[in-house]
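Here is the structure we will look at, set down as structure tokens.
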Amino acid sequence: MNIGDLLDRNAIALRVSAAKKRQALAVIAEIAARSFGLEAGDLLDALAEREAAGSTGVGHGVAAPHARLEGLDRMRGVFVRLEHPVEFDAVDDQPVDLMFALFAPKAANTEHLRALARVSRLLRQPQMREQLRQARTADAIHALLVQEADAARPSAA
């Protein structure tokens with residue numbers, strides 16, 4: 001599975017304003033609700049439940065919130081860039097401004113974990129984070145994520 005399969009252009013938002021972690025998660029839930037045809041409240045509850053188990057702030061200003069949901073037929077993603085970083089209880093105690101949220105069907109197992117690992121590896125790259133922070137449009141963000149993820153995939157011999 002590649003990032004392009006997970007992330008539609010209409011599920012990318014730049015210049016998002018949020019003062020707190022919960023507000024940032026609520027924005028993700030709203031975008032996901034519009035994109036996936038699900039209820040924003042259910043999405044936010046699922047994200048908040050996962051965060052209660054431990055922060056998904058992975059460091060360097062990045063968070064990878066995720067949840068499993070009823071009513072979802074495949075893995076989906078939402079990317080948000082915040083205007084101002086928010087406290088997220090990240091592993092390095094740094095506030096977060098880049099968020100790539102993953103949503104999986106309730107029955108998903110290893111596919112969900114592989115996608116999460118792929119996103120985390122991608123966002124650990126300093127150059128990628130900088131490019132994502134500088135990108136001006138959702139199309140530019142989408143192209144960066146898809147191009148880099150495809151380049152990192154091992155080729156079949």
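Convention: chains lettered A, B, ... in structure tokens order; per-chain residue numbering from 1; ligands numbered from 1 as shown.
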
Gly59 of chain A surroundings by only C-alpha atoms, 9 Å radius, close-in-sequence under 6 positions cut, as number ranges by chain: A: 90-96, 124

Find the residues near Arg129 of chain A: any atom within 12 Å, counting only C-alpha atoms, skip ones fewer than 4 places away on the same chain, and give them as a PDB file with N, CA and C atoms, in the first residue's frame.
ATOM      1  N   GLY A  59       7.777  13.066  17.660  1.00  0.00           N
ATOM      2  CA  GLY A  59       8.978  13.883  17.749  1.00  0.00           C
ATOM      3  C   GLY A  59       9.196  14.759  16.539  1.00  0.00           C
ATOM      4  N   HIS A  60      10.030  15.776  16.706  1.00  0.00           N
ATOM      5  CA  HIS A  60      10.396  16.706  15.642  1.00  0.00           C
ATOM      6  C   HIS A  60       9.191  17.456  15.084  1.00  0.00           C
ATOM      7  N   GLY A  61       8.191  17.703  15.937  1.00  0.00           N
ATOM      8  CA  GLY A  61       7.021  18.458  15.498  1.00  0.00           C
ATOM      9  C   GLY A  61       5.999  17.634  14.744  1.00  0.00           C
ATOM     10  N   VAL A  62       6.097  16.314  14.824  1.00  0.00           N
ATOM     11  CA  VAL A  62       5.232  15.417  14.052  1.00  0.00           C
ATOM     12  C   VAL A  62       4.367  14.567  14.984  1.00  0.00           C
ATOM     13  N   ALA A  63       3.108  14.374  14.589  1.00  0.00           N
ATOM     14  CA  ALA A  63       2.228  13.429  15.274  1.00  0.00           C
ATOM     15  C   ALA A  63       1.589  12.533  14.221  1.00  0.00           C
ATOM     16  N   ARG A  81      -1.389  20.552   8.468  1.00  0.00           N
ATOM     17  CA  ARG A  81      -0.266  21.381   8.916  1.00  0.00           C
ATOM     18  C   ARG A  81      -0.848  22.545   9.699  1.00  0.00           C
ATOM     19  N   VAL A  96       3.754  20.112  18.224  1.00  0.00           N
ATOM     20  CA  VAL A  96       3.499  19.479  16.928  1.00  0.00           C
ATOM     21  C   VAL A  96       2.861  20.458  15.957  1.00  0.00           C
ATOM     22  N   ASP A  97       3.352  20.448  14.707  1.00  0.00           N
ATOM     23  CA  ASP A  97       2.705  21.236  13.648  1.00  0.00           C
ATOM     24  C   ASP A  97       2.375  20.401  12.415  1.00  0.00           C
ATOM     25  N   LEU A  98       2.939  19.203  12.304  1.00  0.00           N
ATOM     26  CA  LEU A  98       2.644  18.306  11.178  1.00  0.00           C
ATOM     27  C   LEU A  98       1.934  17.070  11.715  1.00  0.00           C
ATOM     28  N   MET A  99       0.765  16.782  11.158  1.00  0.00           N
ATOM     29  CA  MET A  99      -0.012  15.641  11.632  1.00  0.00           C
ATOM     30  C   MET A  99      -0.490  14.812  10.448  1.00  0.00           C
ATOM     31  N   PHE A 100      -0.141  13.543  10.466  1.00  0.00           N
ATOM     32  CA  PHE A 100      -0.637  12.603   9.461  1.00  0.00           C
ATOM     33  C   PHE A 100      -1.447  11.564  10.225  1.00  0.00           C
ATOM     34  N   VAL A 119       4.358   5.725   7.286  1.00  0.00           N
ATOM     35  CA  VAL A 119       4.173   7.165   7.510  1.00  0.00           C
ATOM     36  C   VAL A 119       5.230   7.675   8.493  1.00  0.00           C
ATOM     37  N   SER A 120       5.459   6.946   9.564  1.00  0.00           N
ATOM     38  CA  SER A 120       6.451   7.363  10.563  1.00  0.00           C
ATOM     39  C   SER A 120       7.845   7.462   9.961  1.00  0.00           C
ATOM     40  N   ARG A 121       8.234   6.469   9.164  1.00  0.00           N
ATOM     41  CA  ARG A 121       9.557   6.503   8.504  1.00  0.00           C
ATOM     42  C   ARG A 121       9.671   7.720   7.596  1.00  0.00           C
ATOM     43  N   LEU A 122       8.640   7.989   6.858  1.00  0.00           N
ATOM     44  CA  LEU A 122       8.637   9.119   5.929  1.00  0.00           C
ATOM     45  C   LEU A 122       8.814  10.442   6.677  1.00  0.00           C
ATOM     46  N   LEU A 123       8.088  10.602   7.771  1.00  0.00           N
ATOM     47  CA  LEU A 123       8.106  11.868   8.501  1.00  0.00           C
ATOM     48  C   LEU A 123       9.291  12.003   9.449  1.00  0.00           C
ATOM     49  N   ARG A 124      10.087  10.959   9.588  1.00  0.00           N
ATOM     50  CA  ARG A 124      11.329  11.055  10.368  1.00  0.00           C
ATOM     51  C   ARG A 124      12.435  11.736   9.566  1.00  0.00           C
ATOM     52  N   GLN A 125      12.257  11.853   8.266  1.00  0.00           N
ATOM     53  CA  GLN A 125      13.283  12.450   7.413  1.00  0.00           C
ATOM     54  C   GLN A 125      13.260  13.979   7.552  1.00  0.00           C
ATOM     55  N   ARG A 133       6.698  21.647   5.540  1.00  0.00           N
ATOM     56  CA  ARG A 133       6.445  22.937   6.207  1.00  0.00           C
ATOM     57  C   ARG A 133       6.488  24.103   5.217  1.00  0.00           C
ATOM     58  N   GLN A 134       7.223  23.941   4.124  1.00  0.00           N
ATOM     59  CA  GLN A 134       7.350  25.016   3.137  1.00  0.00           C
ATOM     60  C   GLN A 134       6.321  24.937   2.009  1.00  0.00           C
ATOM     61  N   ALA A 135       5.718  23.796   1.801  1.00  0.00           N
ATOM     62  CA  ALA A 135       4.780  23.604   0.681  1.00  0.00           C
ATOM     63  C   ALA A 135       3.619  24.581   0.785  1.00  0.00           C
ATOM     64  N   ILE A 141       1.800  19.176  -1.173  1.00  0.00           N
ATOM     65  CA  ILE A 141       1.943  18.232  -0.050  1.00  0.00           C
ATOM     66  C   ILE A 141       1.716  16.805  -0.543  1.00  0.00           C
ATOM     67  N   LEU A 144       4.638  15.572  -2.631  1.00  0.00           N
ATOM     68  CA  LEU A 144       5.806  15.265  -1.799  1.00  0.00           C
ATOM     69  C   LEU A 144       5.653  13.915  -1.104  1.00  0.00           C
ATOM     70  N   LEU A 145       4.523  13.702  -0.485  1.00  0.00           N
ATOM     71  CA  LEU A 145       4.307  12.466   0.269  1.00  0.00           C
ATOM     72  C   LEU A 145       4.271  11.244  -0.638  1.00  0.00           C
ATOM     73  N   GLU A 148       7.907  10.701  -2.414  1.00  0.00           N
ATOM     74  CA  GLU A 148       8.932  10.224  -1.498  1.00  0.00           C
ATOM     75  C   GLU A 148       8.635   8.792  -1.049  1.00  0.00           C
TER      76      GLU A 148
END

Between atom CA of Ala138 of chain A and atom CA of Arg68 of chain A lies a distance of 25.0 Å

As a ChimeraX atom specification, which residues of chain A does DSSP assign to helix (DSSP H, G or I)? /A:3-6,9-11,21-36,40-53,110-123,126-134,138-152

Contacts of His66 of chain A within 8 Å, only C-alpha atoms, excl. fewer than 5 positions in-chain, as a list in words: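 Listing them by chain and then by number gives Leu47, Arg50, Thr56, Ala101, Leu102, Phe103 and Ala104 of chain A.
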
Those residues with all heavy atoms, as a PDB file, in the first residue's frame please?
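Result file is result_39.pdb:
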ATOM      1  N   LEU A  47     -10.068   8.872  17.924  1.00  0.00           N
ATOM      2  CA  LEU A  47      -8.734   9.472  18.041  1.00  0.00           C
ATOM      3  C   LEU A  47      -8.389   9.775  19.501  1.00  0.00           C
ATOM      4  O   LEU A  47      -7.280   9.498  19.956  1.00  0.00           O
ATOM      5  CB  LEU A  47      -8.652  10.754  17.210  1.00  0.00           C
ATOM      6  CG  LEU A  47      -8.629  10.598  15.701  1.00  0.00           C
ATOM      7  CD1 LEU A  47      -8.784  11.958  15.023  1.00  0.00           C
ATOM      8  CD2 LEU A  47      -7.355   9.902  15.235  1.00  0.00           C
ATOM      9  N   ARG A  50      -7.533   6.656  21.482  1.00  0.00           N
ATOM     10  CA  ARG A  50      -6.171   6.196  21.185  1.00  0.00           C
ATOM     11  C   ARG A  50      -5.140   7.081  21.887  1.00  0.00           C
ATOM     12  O   ARG A  50      -4.160   6.598  22.448  1.00  0.00           O
ATOM     13  CB  ARG A  50      -5.943   6.160  19.675  1.00  0.00           C
ATOM     14  CG  ARG A  50      -4.502   5.908  19.252  1.00  0.00           C
ATOM     15  CD  ARG A  50      -3.953   4.605  19.847  1.00  0.00           C
ATOM     16  NE  ARG A  50      -2.531   4.474  19.654  1.00  0.00           N
ATOM     17  CZ  ARG A  50      -1.593   4.958  20.462  1.00  0.00           C
ATOM     18  NH1 ARG A  50      -1.906   5.643  21.549  1.00  0.00           N
ATOM     19  NH2 ARG A  50      -0.316   4.762  20.202  1.00  0.00           N
ATOM     20  N   THR A  56       0.562  10.095  20.403  1.00  0.00           N
ATOM     21  CA  THR A  56       1.062   9.717  19.086  1.00  0.00           C
ATOM     22  C   THR A  56       2.023  10.772  18.534  1.00  0.00           C
ATOM     23  O   THR A  56       2.347  10.760  17.355  1.00  0.00           O
ATOM     24  CB  THR A  56      -0.096   9.476  18.102  1.00  0.00           C
ATOM     25  OG1 THR A  56      -0.887  10.666  18.022  1.00  0.00           O
ATOM     26  CG2 THR A  56      -0.960   8.305  18.544  1.00  0.00           C
ATOM     27  N   ALA A 101      -2.765  11.644  10.087  1.00  0.00           N
ATOM     28  CA  ALA A 101      -3.657  10.735  10.803  1.00  0.00           C
ATOM     29  C   ALA A 101      -4.026   9.563   9.909  1.00  0.00           C
ATOM     30  O   ALA A 101      -4.292   9.744   8.721  1.00  0.00           O
ATOM     31  CB  ALA A 101      -4.915  11.474  11.234  1.00  0.00           C
ATOM     32  N   LEU A 102      -4.051   8.379  10.503  1.00  0.00           N
ATOM     33  CA  LEU A 102      -4.445   7.172   9.790  1.00  0.00           C
ATOM     34  C   LEU A 102      -5.708   6.595  10.415  1.00  0.00           C
ATOM     35  O   LEU A 102      -5.822   6.529  11.635  1.00  0.00           O
ATOM     36  CB  LEU A 102      -3.346   6.116   9.861  1.00  0.00           C
ATOM     37  CG  LEU A 102      -2.167   6.310   8.936  1.00  0.00           C
ATOM     38  CD1 LEU A 102      -1.103   5.276   9.239  1.00  0.00           C
ATOM     39  CD2 LEU A 102      -2.597   6.200   7.492  1.00  0.00           C
ATOM     40  N   PHE A 103      -6.619   6.174   9.546  1.00  0.00           N
ATOM     41  CA  PHE A 103      -7.855   5.542   9.979  1.00  0.00           C
ATOM     42  C   PHE A 103      -7.953   4.190   9.287  1.00  0.00           C
ATOM     43  O   PHE A 103      -7.795   4.105   8.074  1.00  0.00           O
ATOM     44  CB  PHE A 103      -9.058   6.406   9.608  1.00  0.00           C
ATOM     45  CG  PHE A 103      -9.048   7.740  10.298  1.00  0.00           C
ATOM     46  CD1 PHE A 103      -8.474   8.846   9.683  1.00  0.00           C
ATOM     47  CD2 PHE A 103      -9.592   7.889  11.561  1.00  0.00           C
ATOM     48  CE1 PHE A 103      -8.449  10.077  10.315  1.00  0.00           C
ATOM     49  CE2 PHE A 103      -9.565   9.121  12.210  1.00  0.00           C
ATOM     50  CZ  PHE A 103      -9.003  10.216  11.583  1.00  0.00           C
ATOM     51  N   ALA A 104      -8.210   3.161  10.080  1.00  0.00           N
ATOM     52  CA  ALA A 104      -8.261   1.802   9.551  1.00  0.00           C
ATOM     53  C   ALA A 104      -9.620   1.181   9.871  1.00  0.00           C
ATOM     54  O   ALA A 104     -10.250   1.535  10.870  1.00  0.00           O
ATOM     55  CB  ALA A 104      -7.164   0.952  10.168  1.00  0.00           C
TER      56      ALA A 104
END

Contacts of segment 27-39 of chain A at 9 Å or less, counting only C-alpha atoms, minus same-chain residues fewer than 5 places along, as a PyMOL selection string? chain A and resi 8+10-13+16-18+22+44-45+47+71-72+76-80+99+101+103
